[in-house]
Every structure is written in structure tokens, then in C-alpha cells.
Amino acid sequence: MDLINRYLQAVKFWLPKNQKQDIIAELAEDLRSQIEDREAELGRQLNESEVAELLKQRPGVVSNLPFSCWRSWQGSTCCLGCWCGSPARSVNIVFCSWWLWWAGGHWYPTLIHFAGVTVTLAPVWRYFFWGYFLLGVVNTVASAVNVFRPYWTLERAVFRLLSDGAGSAICWLMKANIVAAISVVNVAPEKTQWSHTRSTGGRQNYFPGRSLSARSSP
Amino acid sequence: MTQSTNNGNDSLLENLRLELRRGCLVLAVLAELRNEQYGYTLRKGLAERGLEVDEGTLYPLLRRLETQGLLASEWREEDKRNKRFYKISRDGKLVLKQLLAEWQGIGLSLEGILKESGHGSH
């Protein structure tokens, strides 16, 4: 039943305020009747994974306004784990933790060596690094909170919106110029010139990146 | 025929099929609700008669028909649970009668057209 409540809470978030209670009450009744029917067929109670399966099977051909959000939400449930709950959140925590670990071990590296290729990052990278680092920390905390407060649907959505917005802003700024140079062992410098040229072009064309670069230069 | 054309035809067919079903569904729901029922039993009843309809289609339709004055609903307790029961209204009965006549007329016309063009099943 906890799973059903989480499902209903998640659906509720997307419904128009004045119809929320009414639609949710009816949807809840429909769900419970369906579960009862299934249990009567099987002669036993459904376990959690069977209930989850039943929820996932809920079809999504929706036409009216209150239900259209429900449909778009339904399409994303399996991927995002909004109501699937703990497994998805755990994966999120593991990912964020890994990111923090990785970041902690490297502390804004400006040189990356891989298979004979050396990539030198522009000094501006450190700003993006700290931006992502901060987002990583905040996301990890948010995921941890979500494990204990699965019903904070509205807060989670608002937070995710802000977090995604910040991430997108950083990506947009990163467009400017990240790579300063690429050198490859046993390859003449002029053959790797394209990277440098491209990078320089980005620096000239993108003002925020250029200004950050200028500030970070000695 | 390429795969993209096939996909295009499938999608077109699906749209036309849904369009065709939409009108029939109103008739079916109004007819079913000559006896009072709540959402789930209505959906189940329709499915048992070969007209499967998901809740995302049915409940909005019920709300629309109620707003149009063709249905009436009330929350009532049954088996210790609150359920919303729907029933066709007086106006709904009138509309159903007219729609059924229209439906039968369309059926007859279509049958005639199909016979004439040699595509009839008879």
C-alpha cells in the first residue's frame, strides 16, 4: 500500500488544484478495486513487485487536461523512479557519491593523460569544476533526504528544476572554452593544431567564457 | 514499402481507429450507465463486452458527460469504501435515444455503401 500511496502522491502533484482530491480519490478507488480483483483471482495478497507491475501496466491514452499530466508522468515513471522509490534513489546516491569521490581525488585537474594523449584544460575549468562539485554535493544531500521523505513530491520537483537549471547554465558556459591544448605522443604538434585553433575560436566568440578565462589568468 | 511508410500508416490507422472509437464510446458509456455503476465496474463491464478503455480515457469522459448534464454522480459508501457512482440523467437518456437512432442510421447507410461497392461482408 505504501507503493500505491507514493504513486498517488506523485500523480497528485500534477493535477489541477481544484480537482486534486476528487481525481485522486477516484483513482485510488479504481486501483484498489483492480488489486482486489487480482487478489481474488490468485486467492492471495499481491506482493510489492506485483503491485508495482500492475501500476506500470496502467495504460496512458489520455485526452483531458487533468489526466494529460498523469499520462506524461506515467511515461516517465519507470525511468525516473518517482514512485518506484528506493532503488532509483539509491542509484542516484551511488552516482553522486561516485562523482564526489572522483572529484575529491582529482581536485580540478588541468592535465588529463590517456593512451598517449595529453589534454590540457583551460584555467577556466576550475570554475566549472567547483560548480559541478557543488551540484554534486547538493544532489547527494537531496537524494539522501528523499530516502527518508518520499512524500516530498513538490519540493523534490522544485529542487530538481533548480538543480537542472543550474546544470544547464554550467553546460552553457562550458561551451566557451574548456580545452587549452591537446598533444599526442609521437605526433607532430602541427597535426594537433586543429584542437588549439578550435579552442581559440571558442574563446574569441564566447564572452562569458572569455571573461572567466581572463580573470583566471595570472 | 519502407519501414518509415509502414510506421506512418500504422500511426494513421491508430489515429483513425481512436477517432472511430471515440464516438462509439460515448454511446457505450451512456448505455451502460442506464444502470448505476462506479468507475471500475463500468470499465470492467465495457472490457468484458470487448470495449477495453483505460482509466485515462474513461474518467475524463465521465467528467465531461457529467458537465454536459448527461450523467449524474454521487460519492457513496459501499463495502466500507467511498465510491463515486454514476448514472445516466434524464437528458442523457434522451440524448442516448437520439444517438442510437443516428447510429443505426449510419450503420444502415454504411452497409448499403459497402454492398454497392462490393466490399460488403454479405
# chains A, B, ... in the order shown; residues from 1 in each chain; ligands from 1

$ select_by_dssp --residues "chain B" --states "helix (DSSP H, G or I)" --output "number ranges by chain"
B: 3-32, 39-48, 55-67, 90-116

$ residues_around --residues "Ile88 in chain B" --least-positions-apart "6" --cutoff "6 Å" --atoms "only C-alpha atoms" --output "ChimeraX atom specification"
/B:33-34,71

$ interface_residues --of "chain B" --to "chain A" --cutoff "7 Å" --atoms "only C-alpha atoms" --output "MDAnalysis selection string"
chainID B and resid 39:40 54 56:57 60 83:84

$ write_last_selection --atoms "C-alpha atoms" --output "JSON list (two decimals), in the first residue's frame"
[["chain", "number", "residue", "atom", "x", "y", "z"],
["B", 39, "GLY", "CA", -15.89, 3.78, -12.43],
["B", 40, "TYR", "CA", -14.11, 0.50, -12.03],
["B", 54, "ASP", "CA", -8.23, 2.79, -19.98],
["B", 56, "GLY", "CA", -7.16, 7.89, -18.53],
["B", 57, "THR", "CA", -9.84, 7.97, -21.21],
["B", 60, "PRO", "CA", -12.23, 12.36, -18.25],
["B", 83, "LYS", "CA", -17.03, 5.15, -4.33],
["B", 84, "ARG", "CA", -18.28, 7.54, -6.93]]

$ closest_residue --among "B:Gln37, B:Leu27, B:Ile106, B:Leu62" --to "Glu78 in chain B" --atoms "only C-alpha atoms"
B:Gln37

$ residues_around --residues "Trp103 in chain B" --least-positions-apart "4" --cutoff "9 Å" --atoms "only C-alpha atoms" --output "NGL selection string"
:B and (24 or 27 or 98-99 or 107-108)

$ atom_distance --atom1 "CA of Ser73 in chain B" --atom2 "CA of Lys87 in chain B"
6.3 Å

$ select_by_dssp --residues "chain B" --states "strand (DSSP E or B)" --output "count of residues only"
18

$ residues_around --residues "range 44-47 of chain B" --least-positions-apart "6" --cutoff "8 Å" --atoms "only C-alpha atoms" --output "PDB file with N, CA and C atoms, in the first residue's frame"
ATOM      1  N   ALA B  28     -21.598   3.818 -25.738  1.00  0.00           N
ATOM      2  CA  ALA B  28     -21.456   2.647 -24.870  1.00  0.00           C
ATOM      3  C   ALA B  28     -21.559   3.038 -23.390  1.00  0.00           C
ATOM      4  N   GLU B  32     -24.382   1.839 -20.871  1.00  0.00           N
ATOM      5  CA  GLU B  32     -24.011   1.058 -19.672  1.00  0.00           C
ATOM      6  C   GLU B  32     -24.538   1.710 -18.402  1.00  0.00           C
ATOM      7  N   VAL B  53     -11.202   0.074 -22.323  1.00  0.00           N
ATOM      8  CA  VAL B  53     -10.940   1.515 -22.254  1.00  0.00           C
ATOM      9  C   VAL B  53     -10.136   1.792 -20.988  1.00  0.00           C
TER      10      VAL B  53
END

$ decode --residues "range 9-24 of chain B" --atoms "N, CA and C atoms" --output "compact mmCIF listing (two decimals), in the first residue's frame"
# COMPACT_ATOMS: atom_id res chain seq x y z
N ASN B 9 1.74 4.64 -41.73
CA ASN B 9 0.41 4.06 -41.92
C ASN B 9 -0.16 3.53 -40.62
N ASP B 10 0.72 2.89 -39.83
CA ASP B 10 0.27 2.36 -38.54
C ASP B 10 -0.26 3.47 -37.66
N SER B 11 0.49 4.56 -37.67
CA SER B 11 0.10 5.67 -36.81
C SER B 11 -1.19 6.31 -37.32
N LEU B 12 -1.32 6.39 -38.64
CA LEU B 12 -2.55 6.94 -39.23
C LEU B 12 -3.74 6.05 -38.89
N LEU B 13 -3.53 4.75 -39.04
CA LEU B 13 -4.60 3.79 -38.73
C LEU B 13 -5.01 3.90 -37.27
N GLU B 14 -4.00 4.02 -36.41
CA GLU B 14 -4.29 4.12 -34.98
C GLU B 14 -5.11 5.37 -34.68
N ASN B 15 -4.74 6.48 -35.31
CA ASN B 15 -5.49 7.72 -35.11
C ASN B 15 -6.93 7.60 -35.58
N LEU B 16 -7.10 6.98 -36.76
CA LEU B 16 -8.45 6.82 -37.30
C LEU B 16 -9.28 5.88 -36.43
N ARG B 17 -8.59 4.85 -35.94
CA ARG B 17 -9.28 3.88 -35.09
C ARG B 17 -9.77 4.55 -33.80
N LEU B 18 -8.89 5.37 -33.23
CA LEU B 18 -9.26 6.08 -32.00
C LEU B 18 -10.41 7.04 -32.23
N GLU B 19 -10.36 7.68 -33.39
CA GLU B 19 -11.42 8.63 -33.75
C GLU B 19 -12.77 7.91 -33.86
N LEU B 20 -12.70 6.75 -34.51
CA LEU B 20 -13.92 5.95 -34.70
C LEU B 20 -14.47 5.48 -33.35
N ARG B 21 -13.55 5.09 -32.48
CA ARG B 21 -13.95 4.56 -31.17
C ARG B 21 -14.54 5.63 -30.27
N ARG B 22 -14.03 6.84 -30.42
CA ARG B 22 -14.40 7.93 -29.50
C ARG B 22 -15.91 8.13 -29.45
N GLY B 23 -16.49 8.20 -30.63
CA GLY B 23 -17.94 8.42 -30.69
C GLY B 23 -18.71 7.23 -30.14
N CYS B 24 -18.20 6.03 -30.48
CA CYS B 24 -18.88 4.81 -30.02
C CYS B 24 -18.83 4.70 -28.50
